[in-house]
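Colleague: The file below is input_12.pdb, PDB, C-alpha atoms, pLDDT in the B column:
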ATOM      1  CA  MET A  37       2.936  24.935 -16.040  1.00 56.00           C
ATOM      2  CA  CYS A  38       1.982  21.769 -14.192  1.00 68.00           C
ATOM      3  CA  THR A  39       2.273  18.402 -15.986  1.00 84.00           C
ATOM      4  CA  ASP A  40      -0.533  15.842 -15.844  1.00 87.00           C
ATOM      5  CA  ALA A  41       1.611  13.650 -13.561  1.00 85.00           C
ATOM      6  CA  GLU A  42       2.254  16.549 -11.152  1.00 92.00           C
ATOM      7  CA  LYS A  43      -1.438  17.464 -11.130  1.00 95.00           C
ATOM      8  CA  ASP A  44      -2.375  13.828 -10.446  1.00 94.00           C
ATOM      9  CA  LEU A  45       0.119  13.657  -7.579  1.00 95.00           C
ATOM     10  CA  TRP A  46      -1.113  16.957  -6.136  1.00 96.00           C
ATOM     11  CA  ASN A  47      -4.788  15.903  -6.311  1.00 97.00           C
ATOM     12  CA  ALA A  48      -4.062  12.536  -4.691  1.00 97.00           C
ATOM     13  CA  LEU A  49      -2.003  14.194  -1.961  1.00 97.00           C
ATOM     14  CA  GLN A  50      -4.691  16.783  -1.176  1.00 97.00           C
ATOM     15  CA  THR A  51      -7.270  14.011  -0.922  1.00 98.00           C
ATOM     16  CA  LEU A  52      -5.065  12.017   1.474  1.00 98.00           C
ATOM     17  CA  ARG A  53      -4.321  15.081   3.627  1.00 97.00           C
ATOM     18  CA  ALA A  54      -8.064  15.757   3.901  1.00 98.00           C
ATOM     19  CA  GLY A  55      -8.614  12.226   5.249  1.00 97.00           C
ATOM     20  CA  GLY A  56      -9.868  10.861   1.937  1.00 98.00           C
ATOM     21  CA  VAL A  57      -9.480   7.590   0.085  1.00 98.00           C
ATOM     22  CA  ILE A  58      -7.754   7.287  -3.298  1.00 98.00           C
ATOM     23  CA  LEU A  59      -7.647   4.702  -6.061  1.00 97.00           C
ATOM     24  CA  TYR A  60      -4.153   4.494  -7.553  1.00 95.00           C
ATOM     25  CA  PRO A  61      -1.786   2.303  -9.558  1.00 93.00           C
ATOM     26  CA  THR A  62       1.117   0.794  -7.637  1.00 92.00           C
ATOM     27  CA  ASP A  63       4.196  -1.125  -8.719  1.00 90.00           C
ATOM     28  CA  THR A  64       1.970  -4.225  -8.667  1.00 90.00           C
ATOM     29  CA  VAL A  65      -1.846  -4.048  -8.919  1.00 90.00           C
ATOM     30  CA  TRP A  66      -4.278  -1.123  -8.579  1.00 92.00           C
ATOM     31  CA  GLY A  67      -4.709  -0.135  -4.950  1.00 94.00           C
ATOM     32  CA  ILE A  68      -7.074   1.621  -2.611  1.00 96.00           C
ATOM     33  CA  GLY A  69      -5.169   3.921  -0.295  1.00 97.00           C
ATOM     34  CA  CYS A  70      -5.308   6.394   2.524  1.00 98.00           C
ATOM     35  CA  ASP A  71      -3.042   7.901   5.154  1.00 98.00           C
ATOM     36  CA  ALA A  72      -2.191   4.944   7.410  1.00 98.00           C
ATOM     37  CA  THR A  73      -2.491   7.195  10.475  1.00 97.00           C
ATOM     38  CA  CYS A  74      -6.060   8.374   9.699  1.00 98.00           C
ATOM     39  CA  HIS A  75      -8.538   6.129  11.528  1.00 97.00           C
ATOM     40  CA  GLU A  76     -11.666   7.347   9.708  1.00 97.00           C
ATOM     41  CA  ALA A  77     -10.117   6.757   6.276  1.00 97.00           C
ATOM     42  CA  VAL A  78      -8.853   3.299   7.287  1.00 97.00           C
ATOM     43  CA  GLU A  79     -12.360   2.403   8.491  1.00 95.00           C
ATOM     44  CA  ARG A  80     -13.812   3.580   5.165  1.00 96.00           C
ATOM     45  CA  ILE A  81     -11.491   1.281   3.233  1.00 96.00           C
ATOM     46  CA  PHE A  82     -12.522  -1.729   5.318  1.00 95.00           C
ATOM     47  CA  ARG A  83     -16.199  -0.894   4.660  1.00 94.00           C
ATOM     48  CA  LEU A  84     -15.605  -0.210   0.956  1.00 95.00           C
ATOM     49  CA  LYS A  85     -13.857  -3.544   0.436  1.00 93.00           C
ATOM     50  CA  GLN A  86     -16.410  -5.326   2.668  1.00 90.00           C
ATOM     51  CA  ARG A  87     -13.378  -6.750   4.430  1.00 83.00           C
ATOM     52  CA  PRO A  88     -13.419  -8.194   7.953  1.00 75.00           C
ATOM     53  CA  ASP A  89     -11.496  -5.863  10.263  1.00 72.00           C
ATOM     54  CA  SER A  90      -9.524  -8.867  11.504  1.00 69.00           C
ATOM     55  CA  LYS A  91      -7.657  -8.945   8.151  1.00 77.00           C
ATOM     56  CA  ALA A  92      -4.833  -6.412   8.167  1.00 78.00           C
ATOM     57  CA  MET A  93      -3.890  -4.390   5.072  1.00 91.00           C
ATOM     58  CA  LEU A  94      -0.385  -3.719   3.825  1.00 93.00           C
ATOM     59  CA  LEU A  95       1.373  -0.359   3.687  1.00 97.00           C
ATOM     60  CA  LEU A  96       3.743   1.401   1.332  1.00 97.00           C
ATOM     61  CA  VAL A  97       6.635   3.502   2.643  1.00 97.00           C
ATOM     62  CA  THR A  98       9.081   5.717   0.793  1.00 96.00           C
ATOM     63  CA  ASP A  99      12.310   4.140   1.978  1.00 94.00           C
ATOM     64  CA  ARG A 100      14.129   2.399   4.817  1.00 93.00           C
ATOM     65  CA  GLU A 101      14.104   5.620   6.878  1.00 95.00           C
ATOM     66  CA  MET A 102      10.301   5.691   6.884  1.00 96.00           C
ATOM     67  CA  LEU A 103      10.165   1.939   7.501  1.00 96.00           C
ATOM     68  CA  VAL A 104      12.195   2.140  10.727  1.00 95.00           C
ATOM     69  CA  ARG A 105       9.718   4.679  12.135  1.00 96.00           C
ATOM     70  CA  HIS A 106       6.889   2.144  11.893  1.00 97.00           C
ATOM     71  CA  VAL A 107       8.362  -1.177  13.035  1.00 96.00           C
ATOM     72  CA  ARG A 108      10.209  -2.161  16.199  1.00 92.00           C
ATOM     73  CA  GLU A 109      13.189  -3.429  14.175  1.00 91.00           C
ATOM     74  CA  ILE A 110      14.201  -4.581  10.725  1.00 93.00           C
ATOM     75  CA  PRO A 111      15.414  -8.163  11.164  1.00 92.00           C
ATOM     76  CA  GLU A 112      18.562  -9.281   9.385  1.00 92.00           C
ATOM     77  CA  ALA A 113      16.508 -11.867   7.463  1.00 92.00           C
ATOM     78  CA  ALA A 114      14.346  -9.059   6.051  1.00 93.00           C
ATOM     79  CA  GLU A 115      17.423  -7.109   4.968  1.00 92.00           C
ATOM     80  CA  ARG A 116      18.760 -10.164   3.090  1.00 91.00           C
ATOM     81  CA  LEU A 117      15.376 -10.968   1.588  1.00 91.00           C
ATOM     82  CA  LEU A 118      14.895  -7.444   0.224  1.00 91.00           C
ATOM     83  CA  ALA A 119      18.484  -7.194  -1.033  1.00 91.00           C
ATOM     84  CA  ASN A 120      17.939 -10.324  -3.143  1.00 92.00           C
ATOM     85  CA  ALA A 121      14.331  -9.703  -4.251  1.00 91.00           C
ATOM     86  CA  THR A 122      13.749  -9.834  -7.989  1.00 90.00           C
ATOM     87  CA  ARG A 123      10.145  -8.601  -7.863  1.00 91.00           C
ATOM     88  CA  PRO A 124       8.020  -6.382  -5.594  1.00 93.00           C
ATOM     89  CA  THR A 125       8.180  -7.865  -2.115  1.00 95.00           C
ATOM     90  CA  THR A 126       6.101  -7.179   0.982  1.00 96.00           C
ATOM     91  CA  VAL A 127       7.570  -8.144   4.341  1.00 96.00           C
ATOM     92  CA  ILE A 128       5.454  -8.712   7.431  1.00 96.00           C
ATOM     93  CA  TYR A 129       7.312  -7.190  10.370  1.00 95.00           C
ATOM     94  CA  GLY A 130       6.584  -7.573  14.071  1.00 93.00           C
ATOM     95  CA  GLY A 131       6.263  -4.601  16.376  1.00 93.00           C
ATOM     96  CA  ALA A 132       4.162  -2.275  14.215  1.00 95.00           C
ATOM     97  CA  LYS A 133       3.906   1.272  15.544  1.00 96.00           C
ATOM     98  CA  GLY A 134       2.769   4.758  14.606  1.00 96.00           C
ATOM     99  CA  ILE A 135      -0.126   3.643  12.394  1.00 97.00           C
ATOM    100  CA  ASP A 136      -3.847   3.178  12.903  1.00 96.00           C
ATOM    101  CA  PRO A 137      -4.490   0.136  15.153  1.00 95.00           C
ATOM    102  CA  MET A 138      -6.912  -1.360  12.595  1.00 94.00           C
ATOM    103  CA  LEU A 139      -3.912  -1.939  10.311  1.00 95.00           C
ATOM    104  CA  ILE A 140      -2.025  -3.991  12.883  1.00 95.00           C
ATOM    105  CA  ALA A 141      -2.622  -7.750  12.946  1.00 93.00           C
ATOM    106  CA  ALA A 142      -3.570  -9.478  16.200  1.00 92.00           C
ATOM    107  CA  ASP A 143       0.071 -10.538  16.686  1.00 92.00           C
ATOM    108  CA  GLY A 144       1.285  -6.919  16.419  1.00 93.00           C
ATOM    109  CA  SER A 145       2.632  -7.272  12.877  1.00 94.00           C
ATOM    110  CA  VAL A 146       2.149  -5.259   9.693  1.00 96.00           C
ATOM    111  CA  GLY A 147       2.998  -5.897   6.044  1.00 96.00           C
ATOM    112  CA  ILE A 148       5.105  -3.162   4.445  1.00 97.00           C
ATOM    113  CA  ARG A 149       6.599  -2.683   0.979  1.00 96.00           C
ATOM    114  CA  ILE A 150       8.977  -0.083  -0.415  1.00 95.00           C
ATOM    115  CA  PRO A 151       7.511   0.282  -3.910  1.00 94.00           C
ATOM    116  CA  ASP A 152       9.515   0.437  -7.097  1.00 90.00           C
ATOM    117  CA  ASP A 153       7.262   3.190  -8.418  1.00 91.00           C
ATOM    118  CA  SER A 154       8.230   6.859  -8.353  1.00 92.00           C
ATOM    119  CA  PHE A 155       4.616   8.069  -8.046  1.00 94.00           C
ATOM    120  CA  CYS A 156       3.936   5.907  -4.962  1.00 95.00           C
ATOM    121  CA  ARG A 157       7.230   6.890  -3.338  1.00 95.00           C
ATOM    122  CA  ALA A 158       6.584  10.594  -4.018  1.00 95.00           C
ATOM    123  CA  LEU A 159       3.088  10.291  -2.560  1.00 95.00           C
ATOM    124  CA  CYS A 160       4.404   8.689   0.658  1.00 96.00           C
ATOM    125  CA  ARG A 161       7.288  11.153   0.924  1.00 96.00           C
ATOM    126  CA  ARG A 162       5.093  14.229   0.518  1.00 96.00           C
ATOM    127  CA  LEU A 163       2.399  12.820   2.805  1.00 97.00           C
ATOM    128  CA  GLY A 164       5.037  12.023   5.424  1.00 96.00           C
ATOM    129  CA  HIS A 165       3.225   8.841   6.487  1.00 96.00           C
ATOM    130  CA  PRO A 166       2.827   5.290   5.225  1.00 98.00           C
ATOM    131  CA  LEU A 167       0.136   4.786   2.619  1.00 97.00           C
ATOM    132  CA  VAL A 168      -2.418   2.004   2.892  1.00 97.00           C
ATOM    133  CA  SER A 169      -2.155  -0.177  -0.203  1.00 95.00           C
ATOM    134  CA  THR A 170      -4.852  -2.789  -0.421  1.00 93.00           C
ATOM    135  CA  SER A 171      -5.900  -4.260  -3.744  1.00 91.00           C
ATOM    136  CA  ALA A 172      -8.739  -2.434  -5.499  1.00 92.00           C
ATOM    137  CA  ASN A 173     -11.319  -5.187  -5.224  1.00 92.00           C
ATOM    138  CA  LEU A 174     -14.147  -6.315  -2.996  1.00 90.00           C
ATOM    139  CA  SER A 175     -12.987  -8.786  -0.362  1.00 88.00           C
ATOM    140  CA  GLY A 176     -12.712 -12.292  -1.798  1.00 87.00           C
ATOM    141  CA  GLN A 177     -12.604 -11.104  -5.425  1.00 89.00           C
ATOM    142  CA  PRO A 178      -9.456 -11.164  -7.620  1.00 84.00           C
ATOM    143  CA  ALA A 179      -7.073  -8.201  -7.389  1.00 85.00           C
ATOM    144  CA  ALA A 180      -7.480  -5.524 -10.082  1.00 85.00           C
ATOM    145  CA  ARG A 181      -4.379  -5.951 -12.244  1.00 85.00           C
ATOM    146  CA  CYS A 182      -5.452  -3.118 -14.541  1.00 87.00           C
ATOM    147  CA  PHE A 183      -7.861  -0.209 -14.383  1.00 92.00           C
ATOM    148  CA  GLY A 184     -10.526  -1.999 -16.431  1.00 91.00           C
ATOM    149  CA  ASP A 185     -10.727  -4.755 -13.776  1.00 90.00           C
ATOM    150  CA  ILE A 186     -11.899  -2.389 -11.022  1.00 93.00           C
ATOM    151  CA  ASP A 187     -15.446  -2.943  -9.751  1.00 93.00           C
ATOM    152  CA  ALA A 188     -17.819   0.033 -10.148  1.00 94.00           C
ATOM    153  CA  ALA A 189     -18.524   0.014  -6.389  1.00 93.00           C
ATOM    154  CA  ILE A 190     -14.817   0.599  -5.723  1.00 95.00           C
ATOM    155  CA  LEU A 191     -14.681   3.432  -8.267  1.00 95.00           C
ATOM    156  CA  ARG A 192     -17.723   5.126  -6.669  1.00 95.00           C
ATOM    157  CA  GLY A 193     -16.432   4.598  -3.127  1.00 96.00           C
ATOM    158  CA  THR A 194     -13.188   6.542  -3.439  1.00 97.00           C
ATOM    159  CA  ASP A 195     -12.681  10.300  -3.243  1.00 98.00           C
ATOM    160  CA  TYR A 196     -10.061  10.543  -5.981  1.00 97.00           C
ATOM    161  CA  VAL A 197      -9.178   8.221  -8.875  1.00 97.00           C
ATOM    162  CA  CYS A 198      -5.648   8.769 -10.150  1.00 96.00           C
ATOM    163  CA  THR A 199      -5.533   9.528 -13.861  1.00 93.00           C
ATOM    164  CA  ARG A 200      -2.247   7.789 -14.658  1.00 87.00           C
ATOM    165  CA  ARG A 201      -1.806   4.320 -16.161  1.00 87.00           C
ATOM    166  CA  HIS A 202      -5.462   3.662 -17.055  1.00 88.00           C
ATOM    167  CA  ASP A 203      -4.344   2.025 -20.304  1.00 88.00           C
ATOM    168  CA  ASP A 204      -1.595  -0.208 -18.889  1.00 85.00           C
ATOM    169  CA  PRO A 205      -1.838  -3.920 -19.808  1.00 81.00           C
ATOM    170  CA  CYS A 206      -3.129  -6.363 -17.188  1.00 77.00           C
ATOM    171  CA  GLU A 207       0.143  -8.203 -16.632  1.00 77.00           C
ATOM    172  CA  THR A 208       1.429  -7.219 -13.195  1.00 80.00           C
ATOM    173  CA  PRO A 209       0.926  -9.759 -10.386  1.00 83.00           C
ATOM    174  CA  PRO A 210       0.547  -8.809  -6.708  1.00 85.00           C
ATOM    175  CA  SER A 211       3.701  -8.638  -4.595  1.00 91.00           C
ATOM    176  CA  ALA A 212       5.358 -11.623  -3.004  1.00 91.00           C
ATOM    177  CA  ILE A 213       4.688 -11.664   0.762  1.00 93.00           C
ATOM    178  CA  TYR A 214       7.018 -13.043   3.424  1.00 94.00           C
ATOM    179  CA  LYS A 215       6.735 -13.022   7.204  1.00 94.00           C
ATOM    180  CA  ILE A 216       9.789 -12.763   9.444  1.00 89.00           C
ATOM    181  CA  SER A 217       9.488 -14.528  12.804  1.00 85.00           C
ATOM    182  CA  ASP A 218      10.995 -13.305  16.080  1.00 80.00           C
ATOM    183  CA  ASN A 219      13.789 -15.878  15.641  1.00 84.00           C
ATOM    184  CA  ASN A 220      14.617 -14.472  12.156  1.00 85.00           C
ATOM    185  CA  GLU A 221      12.980 -17.275  10.136  1.00 88.00           C
ATOM    186  CA  ILE A 222      11.253 -16.466   6.840  1.00 90.00           C
ATOM    187  CA  SER A 223       7.805 -17.890   6.035  1.00 91.00           C
ATOM    188  CA  THR A 224       6.345 -17.579   2.547  1.00 90.00           C
ATOM    189  CA  ILE A 225       2.798 -16.193   2.553  1.00 92.00           C
ATOM    190  CA  ARG A 226       2.492 -15.572  -1.204  1.00 89.00           C
ATOM    191  CA  GLU A 227       5.058 -16.124  -3.980  1.00 84.00           C
TER     192      GLU A 227
END
Would you write out, as structure tokens, the structure that this file holds?
Modeller:
Amino acid sequence: MCTDAEKDLWNALQTLRAGGVILYPTDTVWGIGCDATCHEAVERIFRLKQRPDSKAMLLLVTDREMLVRHVREIPEAAERLLANATRPTTVIYGGAKGIDPMLIAADGSVGIRIPDDSFCRALCRRLGHPLVSTSANLSGQPAARCFGDIDAAILRGTDYVCTRRHDDPCETPPSAIYKISDNNEISTIRE
């Protein structure tokens, strides 16, 4: 017999594999996601959020092994930063590869996080690709920290809404974001 969590994971995975868009809780805020290699789904998320296509979106990966497949290198500064992180941390890496070009910033970079959430990691692992993870809000609006904060247009615009964590409190902030330069310097984007 399948548990509710397994059913939720299976439904989300089938939606992603079919090129669909999901609404799901992450280790930070609620996110809108799709397979980061599926151009049509990535385009849909940009339209749904009413987001300029010049603004890149971050990705979730299962682990370091998946990360190295999608960036040119993992700088030493990033390794140190992640080893000492005390909260969810997104790193902007140069040399993005193997993902839809719309997700790559003009300078060739991409923001990636290894989530501290078993559901998100399982979803990425079973999908076999990075997962787009952009906050579940219209562009320019505050991030949806809990399910009740999600705009009705976002709810209607996705193909599958995960059933887990709808009743969680609205206490989780977005991830910290840092950018690593080519000379291994760390810039704070969001703390």
Colleague: In Å, how far is it from CA of Lys133 (chain A) to CA of His165 (chain A)?
Modeller: 11.8 Å
Colleague: Counting all atoms listed in the file, figure out which residue out of A:Phe183, A:Ala212, A:Ala142, A:Glu221 gets nearest to Thr199 (chain A).
Modeller: A:Phe183
Colleague: Please produce, as JSON lines, a per-residue contact table for region 167-197 of chain A versus region 80-95 of chain A (criterion: any atom at most 7 Å away, all atoms listed in the file considered), showing the nearest atom pair and its distance in Å to one decimal, sorted by chain then residue number.
Modeller:
{"residue": "A:Leu167", "atom": "CA", "partner": "A:Leu95", "partner_atom": "CA", "distance": 5.4}
{"residue": "A:Val168", "atom": "CA", "partner": "A:Leu95", "partner_atom": "CA", "distance": 4.5}
{"residue": "A:Ser169", "atom": "CA", "partner": "A:Leu95", "partner_atom": "CA", "distance": 5.3}
{"residue": "A:Thr170", "atom": "CA", "partner": "A:Met93", "partner_atom": "CA", "distance": 5.8}
{"residue": "A:Asn173", "atom": "CA", "partner": "A:Lys85", "partner_atom": "CA", "distance": 6.4}
{"residue": "A:Leu174", "atom": "CA", "partner": "A:Lys85", "partner_atom": "CA", "distance": 4.4}
{"residue": "A:Ser175", "atom": "CA", "partner": "A:Arg87", "partner_atom": "CA", "distance": 5.2}
{"residue": "A:Ile190", "atom": "CA", "partner": "A:Leu84", "partner_atom": "CA", "distance": 6.8}
{"residue": "A:Gly193", "atom": "CA", "partner": "A:Leu84", "partner_atom": "CA", "distance": 6.4}
Colleague: I need every residue sitting at most 7 Å from the point (-1.0, -1.9, -11.9) (coordinates as in the file, only C-alpha atoms considered), written as a list in words.
Modeller: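 Residues with an atom at most 7 Å from (-1.0, -1.9, -11.9): Pro61, Thr62, Asp63, Thr64, Val65, Trp66, Arg181, Cys182 and Thr208 of chain A.
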Colleague: Find the residue from A:Pro209, A:Val127, A:Ala119, A:His202 that sits nearest to Ile186 (chain A); use all atoms listed in the file when measuring.
Modeller: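 Of all the options, A:His202 lies closest to Ile186 (chain A).
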Colleague: Expanded to explicit residues, what is the PyMOL selection byres ((chain A and resi 49) around 12) for this file, as a VMD selection string?
Modeller: chain A and resid 42 to 48 50 to 60 69 to 71 155 to 165 167 195 to 198
Colleague: Which one is closest to Glu101 (chain A): A:Ile140, A:Ala172, A:Ala72, A:Ile150? Count only C-alpha atoms.
Modeller: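 Between A:Ile140, A:Ala172, A:Ala72, A:Ile150, the residue approaching Glu101 (chain A) most closely is A:Ile150.
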Colleague: My list of candidates is A:Ala132, A:Leu118, A:Cys206, A:Met138. Which is closest to Asp185 (chain A) when distances are computed with only C-alpha atoms?
Modeller: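 Of A:Ala132, A:Leu118, A:Cys206, A:Met138, the one nearest Asp185 (chain A), counting only C-alpha atoms, is A:Cys206.
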Colleague: The PyMOL selection byres ((chain A and resi 107) around 9) on the file shown: which residues, as a list in words?
Modeller: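 Selected by the PyMOL selection byres ((chain A and resi 107) around 9) in this file: Leu103, Val104, Arg105, His106, Arg108, Glu109, Ile110, Tyr129, Gly130, Gly131, Ala132, Lys133, Gly134, Ser145 and Val146 of chain A.
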Colleague: How many Å lie between CA of Ala114 (chain A) and CA of Ile216 (chain A), rounded to one decimal?
Modeller: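 It comes out at 6.8 Å.
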Colleague: Evaluate the PyMOL selection byres ((chain A and resi 122) around 12) on the structure here and hand back the selected residues as an MDAnalysis selection string.
Modeller: chainID A and resid 117:121 123:125 152 211:212 227
Colleague: At what distance in Å, to one decimal, does CA of Leu96 (chain A) lie from CA of Arg149 (chain A)?
Modeller: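 One can read the CA of Arg149 (chain A) to CA of Leu96 (chain A) distance as 5.0 Å.
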Colleague: Mind listing as a PyMOL selection string all residues within 7 Å of (15.9, -13.9, 13.0), counting all atoms listed in the file?
Modeller: chain A and resi 111-113+217-221
Colleague: Can I get the selected residues back with C-alpha atoms, as a tab-separated table (two decimals), in the coordinates of the input?
Modeller:
chain	number	residue	atom	x	y	z
A	111	PRO	CA	15.41	-8.16	11.16
A	112	GLU	CA	18.56	-9.28	9.38
A	113	ALA	CA	16.51	-11.87	7.46
A	217	SER	CA	9.49	-14.53	12.80
A	218	ASP	CA	11.00	-13.30	16.08
A	219	ASN	CA	13.79	-15.88	15.64
A	220	ASN	CA	14.62	-14.47	12.16
A	221	GLU	CA	12.98	-17.27	10.14
